[in-house]
$ cat final_4.pdb   # PDB, C-alpha atoms, pLDDT in the B column
ATOM      1  CA  MET A 291      77.166  99.279  78.500  1.00 75.00           C
ATOM      2  CA  GLN A 292      74.313  97.753  80.447  1.00 84.00           C
ATOM      3  CA  THR A 293      74.628  96.646  84.059  1.00 89.00           C
ATOM      4  CA  SER A 294      72.332  96.058  87.010  1.00 92.00           C
ATOM      5  CA  ALA A 295      74.096  98.811  88.973  1.00 94.00           C
ATOM      6  CA  ARG A 296      71.732 101.787  89.219  1.00 92.00           C
ATOM      7  CA  ASN A 297      74.549 104.285  89.651  1.00 97.00           C
ATOM      8  CA  GLN A 298      76.857 104.611  86.663  1.00 96.00           C
ATOM      9  CA  PHE A 299      79.374 107.445  86.463  1.00 96.00           C
ATOM     10  CA  ALA A 300      81.412 107.955  83.297  1.00 96.00           C
ATOM     11  CA  GLY A 301      84.427 110.215  83.388  1.00 97.00           C
ATOM     12  CA  GLU A 302      88.159 110.574  83.363  1.00 98.00           C
ATOM     13  CA  VAL A 303      90.771 109.449  85.852  1.00 98.00           C
ATOM     14  CA  VAL A 304      92.169 112.626  87.419  1.00 98.00           C
ATOM     15  CA  GLN A 305      94.296 111.007  90.102  1.00 98.00           C
ATOM     16  CA  LEU A 306      95.782 107.578  90.708  1.00 98.00           C
ATOM     17  CA  THR A 307      97.682 106.808  93.895  1.00 98.00           C
ATOM     18  CA  HIS A 308      99.518 103.493  93.892  1.00 94.00           C
ATOM     19  CA  GLY A 309      99.833 101.329  96.964  1.00 93.00           C
ATOM     20  CA  ALA A 310     101.448  97.982  97.632  1.00 90.00           C
ATOM     21  CA  VAL A 311      98.090  96.164  97.513  1.00 95.00           C
ATOM     22  CA  ASN A 312      95.405  98.728  96.678  1.00 97.00           C
ATOM     23  CA  ASP A 313      95.300 101.830  94.518  1.00 98.00           C
ATOM     24  CA  GLU A 314      93.107 104.880  95.003  1.00 98.00           C
ATOM     25  CA  VAL A 315      91.419 106.092  91.822  1.00 98.00           C
ATOM     26  CA  THR A 316      89.669 109.454  91.508  1.00 98.00           C
ATOM     27  CA  LEU A 317      87.313 109.707  88.556  1.00 98.00           C
ATOM     28  CA  ARG A 318      85.841 113.087  87.550  1.00 98.00           C
ATOM     29  CA  THR A 319      82.512 113.022  85.727  1.00 97.00           C
ATOM     30  CA  ALA A 320      81.302 115.499  83.113  1.00 93.00           C
ATOM     31  CA  GLU A 321      79.054 116.939  85.852  1.00 92.00           C
ATOM     32  CA  GLY A 322      82.159 117.691  87.932  1.00 94.00           C
ATOM     33  CA  LEU A 323      81.602 114.974  90.543  1.00 96.00           C
ATOM     34  CA  ASP A 324      84.709 113.289  91.920  1.00 97.00           C
ATOM     35  CA  ILE A 325      84.156 109.591  92.601  1.00 98.00           C
ATOM     36  CA  VAL A 326      86.873 107.881  94.662  1.00 98.00           C
ATOM     37  CA  ALA A 327      87.438 104.133  94.355  1.00 98.00           C
ATOM     38  CA  ILE A 328      89.793 101.739  96.087  1.00 98.00           C
ATOM     39  CA  ILE A 329      90.733  98.817  93.838  1.00 98.00           C
ATOM     40  CA  THR A 330      93.590  96.343  93.823  1.00 97.00           C
ATOM     41  CA  HIS A 331      96.860  97.437  92.276  1.00 95.00           C
ATOM     42  CA  GLY A 332      96.570  94.469  89.918  1.00 96.00           C
ATOM     43  CA  SER A 333      93.157  95.621  88.706  1.00 97.00           C
ATOM     44  CA  ALA A 334      94.393  99.176  88.118  1.00 97.00           C
ATOM     45  CA  SER A 335      97.290  97.792  86.066  1.00 96.00           C
ATOM     46  CA  THR A 336      95.107  95.380  84.092  1.00 96.00           C
ATOM     47  CA  LEU A 337      92.670  98.205  83.251  1.00 97.00           C
ATOM     48  CA  GLY A 338      95.560 100.445  82.209  1.00 97.00           C
ATOM     49  CA  LEU A 339      94.398 103.221  84.525  1.00 98.00           C
ATOM     50  CA  ALA A 340      96.340 106.472  84.413  1.00 97.00           C
ATOM     51  CA  ALA A 341      95.523 110.155  84.668  1.00 97.00           C
ATOM     52  CA  GLY A 342      93.558 111.205  81.600  1.00 98.00           C
ATOM     53  CA  LYS A 343      92.162 107.720  80.843  1.00 98.00           C
ATOM     54  CA  ARG A 344      88.410 107.424  80.293  1.00 98.00           C
ATOM     55  CA  ALA A 345      86.729 105.055  82.757  1.00 98.00           C
ATOM     56  CA  PHE A 346      83.457 104.469  84.536  1.00 97.00           C
ATOM     57  CA  ALA A 347      82.425 103.796  88.116  1.00 98.00           C
ATOM     58  CA  LEU A 348      79.532 101.579  89.200  1.00 98.00           C
ATOM     59  CA  VAL A 349      77.830 101.639  92.594  1.00 98.00           C
ATOM     60  CA  LYS A 350      74.852  99.502  93.547  1.00 97.00           C
ATOM     61  CA  ALA A 351      71.898 101.425  94.979  1.00 98.00           C
ATOM     62  CA  SER A 352      71.984  99.157  98.044  1.00 97.00           C
ATOM     63  CA  SER A 353      75.512 100.458  98.818  1.00 98.00           C
ATOM     64  CA  ILE A 354      74.353 104.080  99.089  1.00 98.00           C
ATOM     65  CA  ILE A 355      73.658 105.514 102.539  1.00 97.00           C
ATOM     66  CA  VAL A 356      71.380 108.555 102.663  1.00 98.00           C
ATOM     67  CA  MET A 357      71.843 111.196 105.343  1.00 97.00           C
ATOM     68  CA  VAL A 358      70.405 114.610 106.054  1.00 97.00           C
ATOM     69  CA  ASP A 359      72.021 117.508 107.889  1.00 93.00           C
ATOM     70  CA  VAL A 360      75.542 116.145 107.453  1.00 87.00           C
ATOM     71  CA  ALA A 361      78.784 117.595 106.112  1.00 82.00           C
ATOM     72  CA  LYS A 362      81.577 115.706 104.303  1.00 82.00           C
ATOM     73  CA  ASN A 363      83.925 116.175 107.245  1.00 86.00           C
ATOM     74  CA  GLN A 364      81.519 114.309 109.544  1.00 90.00           C
ATOM     75  CA  VAL A 365      81.786 110.900 107.874  1.00 93.00           C
ATOM     76  CA  SER A 366      84.652 108.565 107.042  1.00 93.00           C
ATOM     77  CA  ALA A 367      83.319 107.557 103.611  1.00 95.00           C
ATOM     78  CA  ARG A 368      85.258 109.153 100.751  1.00 95.00           C
ATOM     79  CA  ASN A 369      82.206 109.738  98.555  1.00 97.00           C
ATOM     80  CA  CYS A 370      79.686 112.261  99.894  1.00 96.00           C
ATOM     81  CA  ILE A 371      77.454 113.814  97.248  1.00 96.00           C
ATOM     82  CA  ALA A 372      75.103 116.506  98.481  1.00 96.00           C
ATOM     83  CA  GLY A 373      71.943 117.167  96.532  1.00 97.00           C
ATOM     84  CA  THR A 374      68.182 117.254  96.630  1.00 98.00           C
ATOM     85  CA  VAL A 375      65.741 114.364  96.734  1.00 98.00           C
ATOM     86  CA  SER A 376      64.044 114.274  93.343  1.00 98.00           C
ATOM     87  CA  ALA A 377      61.900 111.168  93.886  1.00 98.00           C
ATOM     88  CA  VAL A 378      60.897 108.592  96.477  1.00 98.00           C
ATOM     89  CA  THR A 379      59.324 105.367  95.204  1.00 98.00           C
ATOM     90  CA  LYS A 380      57.903 103.353  98.082  1.00 97.00           C
ATOM     91  CA  GLY A 381      57.710  99.585  98.090  1.00 97.00           C
ATOM     92  CA  ALA A 382      56.375  97.179 100.697  1.00 97.00           C
ATOM     93  CA  VAL A 383      59.575  97.268 102.802  1.00 97.00           C
ATOM     94  CA  ASN A 384      62.103  99.486 101.025  1.00 98.00           C
ATOM     95  CA  SER A 385      62.014 102.681  99.021  1.00 98.00           C
ATOM     96  CA  GLU A 386      64.121 103.891  96.143  1.00 98.00           C
ATOM     97  CA  VAL A 387      65.344 107.413  96.838  1.00 98.00           C
ATOM     98  CA  THR A 388      66.755 109.414  93.945  1.00 98.00           C
ATOM     99  CA  ILE A 389      69.038 112.319  94.786  1.00 98.00           C
ATOM    100  CA  SER A 390      69.843 114.943  92.169  1.00 97.00           C
ATOM    101  CA  ALA A 391      73.233 116.636  92.373  1.00 96.00           C
ATOM    102  CA  GLY A 392      73.245 119.027  89.454  1.00 92.00           C
ATOM    103  CA  SER A 393      72.549 116.887  86.399  1.00 93.00           C
ATOM    104  CA  ALA A 394      73.789 113.711  88.140  1.00 95.00           C
ATOM    105  CA  GLN A 395      71.297 111.281  89.650  1.00 96.00           C
ATOM    106  CA  ILE A 396      72.127 108.895  92.507  1.00 98.00           C
ATOM    107  CA  ALA A 397      69.731 106.076  93.392  1.00 98.00           C
ATOM    108  CA  ALA A 398      69.648 104.575  96.885  1.00 98.00           C
ATOM    109  CA  ILE A 399      67.611 101.757  98.380  1.00 98.00           C
ATOM    110  CA  VAL A 400      66.632 102.455 101.988  1.00 98.00           C
ATOM    111  CA  THR A 401      63.992 101.099 104.332  1.00 98.00           C
ATOM    112  CA  ASN A 402      60.606 102.778 104.470  1.00 98.00           C
ATOM    113  CA  GLU A 403      61.270 103.409 108.163  1.00 97.00           C
ATOM    114  CA  SER A 404      64.390 105.402 107.259  1.00 97.00           C
ATOM    115  CA  VAL A 405      62.469 107.422 104.655  1.00 98.00           C
ATOM    116  CA  GLU A 406      59.965 108.415 107.335  1.00 97.00           C
ATOM    117  CA  ARG A 407      62.541 109.014 110.087  1.00 97.00           C
ATOM    118  CA  LEU A 408      64.700 111.214 107.840  1.00 97.00           C
ATOM    119  CA  GLY A 409      61.700 112.978 106.326  1.00 98.00           C
ATOM    120  CA  LEU A 410      62.871 112.156 102.805  1.00 98.00           C
ATOM    121  CA  ALA A 411      60.625 113.697 100.175  1.00 98.00           C
ATOM    122  CA  ALA A 412      61.005 115.471  96.852  1.00 98.00           C
ATOM    123  CA  GLY A 413      62.722 118.821  97.355  1.00 98.00           C
ATOM    124  CA  LYS A 414      64.428 117.863 100.638  1.00 98.00           C
ATOM    125  CA  ALA A 415      68.214 118.274 100.900  1.00 98.00           C
ATOM    126  CA  ALA A 416      70.036 114.959 101.312  1.00 98.00           C
ATOM    127  CA  THR A 417      73.502 113.496 100.899  1.00 97.00           C
ATOM    128  CA  ALA A 418      74.372 110.216  99.168  1.00 98.00           C
ATOM    129  CA  ILE A 419      77.302 108.526 100.895  1.00 97.00           C
ATOM    130  CA  PHE A 420      79.271 105.470  99.819  1.00 98.00           C
ATOM    131  CA  LYS A 421      82.649 103.983 100.615  1.00 98.00           C
ATOM    132  CA  ALA A 422      85.432 103.975  98.057  1.00 98.00           C
ATOM    133  CA  SER A 423      85.627 100.190  98.421  1.00 97.00           C
ATOM    134  CA  SER A 424      82.004  99.943  97.174  1.00 98.00           C
ATOM    135  CA  VAL A 425      82.930 101.379  93.785  1.00 98.00           C
ATOM    136  CA  ILE A 426      83.625  99.125  90.805  1.00 98.00           C
ATOM    137  CA  VAL A 427      85.837 100.706  88.126  1.00 98.00           C
ATOM    138  CA  GLY A 428      85.779  99.692  84.485  1.00 97.00           C
ATOM    139  CA  VAL A 429      87.004 100.785  81.077  1.00 97.00           C
ATOM    140  CA  GLU A 430      85.546 100.227  77.625  1.00 92.00           C
ATOM    141  CA  SER A 431      87.260  97.347  75.848  1.00 84.00           C
TER     142      SER A 431
END

$ encode --input "final_4.pdb" --output "structure tokens"
Amino acid sequence: MQTSARNQFAGEVVQLTHGAVNDEVTLRTAEGLDIVAIITHGSASTLGLAAGKRAFALVKASSIIVMVDVAKNQVSARNCIAGTVSAVTKGAVNSEVTISAGSAQIAAIVTNESVERLGLAAGKAATAIFKASSVIVGVES
């Protein structure tokens, strides 16, 4: 599978909560990360999602918010992955910040001003945050 999404998480559905319009899908990766997605009930049905089914989650780097000195219970976003900055690649306006959480890598695009203000640099603790509605879920066909 090739996509333009920088963040690709393969795993297994460990929980599926059905709603009238939207379903909540929790995908557990081999690294032990739980990625929560909110997708339409119709999409969950079409994909055949159920506990134990292999699936993948995609998140664009521009949908990732990077924070420092924050705990999961301080934000409303369902996906908060704490780790360590492994790389910062500066551009003219934005930077790509890569956060390592165990063997998982999360890429985020943030402004250079934010990199400076947050003191983001290799070795610094940081948390990648993204809303469940920003996650695209797919299955191999």

$ resolve_selection --input "final_4.pdb" --expression "the PyMOL selection byres ((chain A and resi 355) around 12)" --output "compact mmCIF listing (two decimals) with C-alpha atoms, in the frame of the given file"
# COMPACT_ATOMS: atom_id res chain seq x y z
CA VAL A 349 77.83 101.64 92.59
CA LYS A 350 74.85 99.50 93.55
CA ALA A 351 71.90 101.42 94.98
CA SER A 352 71.98 99.16 98.04
CA SER A 353 75.51 100.46 98.82
CA ILE A 354 74.35 104.08 99.09
CA VAL A 356 71.38 108.56 102.66
CA MET A 357 71.84 111.20 105.34
CA VAL A 358 70.40 114.61 106.05
CA VAL A 360 75.54 116.14 107.45
CA VAL A 365 81.79 110.90 107.87
CA ALA A 367 83.32 107.56 103.61
CA ASN A 369 82.21 109.74 98.56
CA CYS A 370 79.69 112.26 99.89
CA ILE A 371 77.45 113.81 97.25
CA ALA A 372 75.10 116.51 98.48
CA GLU A 386 64.12 103.89 96.14
CA VAL A 387 65.34 107.41 96.84
CA THR A 388 66.76 109.41 93.94
CA ILE A 389 69.04 112.32 94.79
CA ILE A 396 72.13 108.90 92.51
CA ALA A 397 69.73 106.08 93.39
CA ALA A 398 69.65 104.58 96.88
CA ILE A 399 67.61 101.76 98.38
CA VAL A 400 66.63 102.46 101.99
CA THR A 401 63.99 101.10 104.33
CA SER A 404 64.39 105.40 107.26
CA VAL A 405 62.47 107.42 104.66
CA LEU A 408 64.70 111.21 107.84
CA ALA A 416 70.04 114.96 101.31
CA THR A 417 73.50 113.50 100.90
CA ALA A 418 74.37 110.22 99.17
CA ILE A 419 77.30 108.53 100.90
CA PHE A 420 79.27 105.47 99.82
CA LYS A 421 82.65 103.98 100.62
CA SER A 424 82.00 99.94 97.17

$ closest_residue --input "final_4.pdb" --among "A:Glu302, A:Glu403, A:Asp313, A:Glu321" --to "Ser423 in chain A" --atoms "all atoms listed in the file"
A:Asp313

$ resolve_selection --input "final_4.pdb" --expression "the PyMOL selection byres ((chain A and resi 312) around 9)" --output "list in words"
Thr307, His308, Gly309, Ala310, Val311, Asp313, Glu314, Ile328, Ile329, Thr330, His331, Gly332, Ser333 and Ala334 of chain A

$ closest_residue --input "final_4.pdb" --among "A:Val304, A:Val429, A:Ala377, A:Val383" --to "Ala411 in chain A" --atoms "all atoms listed in the file"
A:Ala377

$ atom_distance --input "final_4.pdb" --atom1 "CA of Gly338 in chain A" --atom2 "CA of Thr293 in chain A"
21.4 Å

$ closest_residue --input "final_4.pdb" --among "A:Ala341, A:Ala347, A:Val427, A:Val378" --to "Arg296 in chain A" --atoms "only C-alpha atoms"
A:Ala347

$ closest_residue --input "final_4.pdb" --among "A:Asn402, A:Val315, A:Ser393, A:Asp359" --to "Leu337 in chain A" --atoms "all atoms listed in the file"
A:Val315

$ atom_distance --input "final_4.pdb" --atom1 "CA of Val303 in chain A" --atom2 "CA of Leu317 in chain A"
4.4 Å

$ atom_distance --input "final_4.pdb" --atom1 "CA of Ala300 in chain A" --atom2 "CA of Gly381 in chain A"
29.2 Å

$ axis_aligned_box --input "final_4.pdb" --around "range 391-394 of chain A" --padding-each-side "4 Å" --output "lines of an AutoDock Vina configuration file"
center_x = 73.2
center_y = 116.4
center_z = 89.4
size_x = 9.2
size_y = 13.3
size_z = 14.0
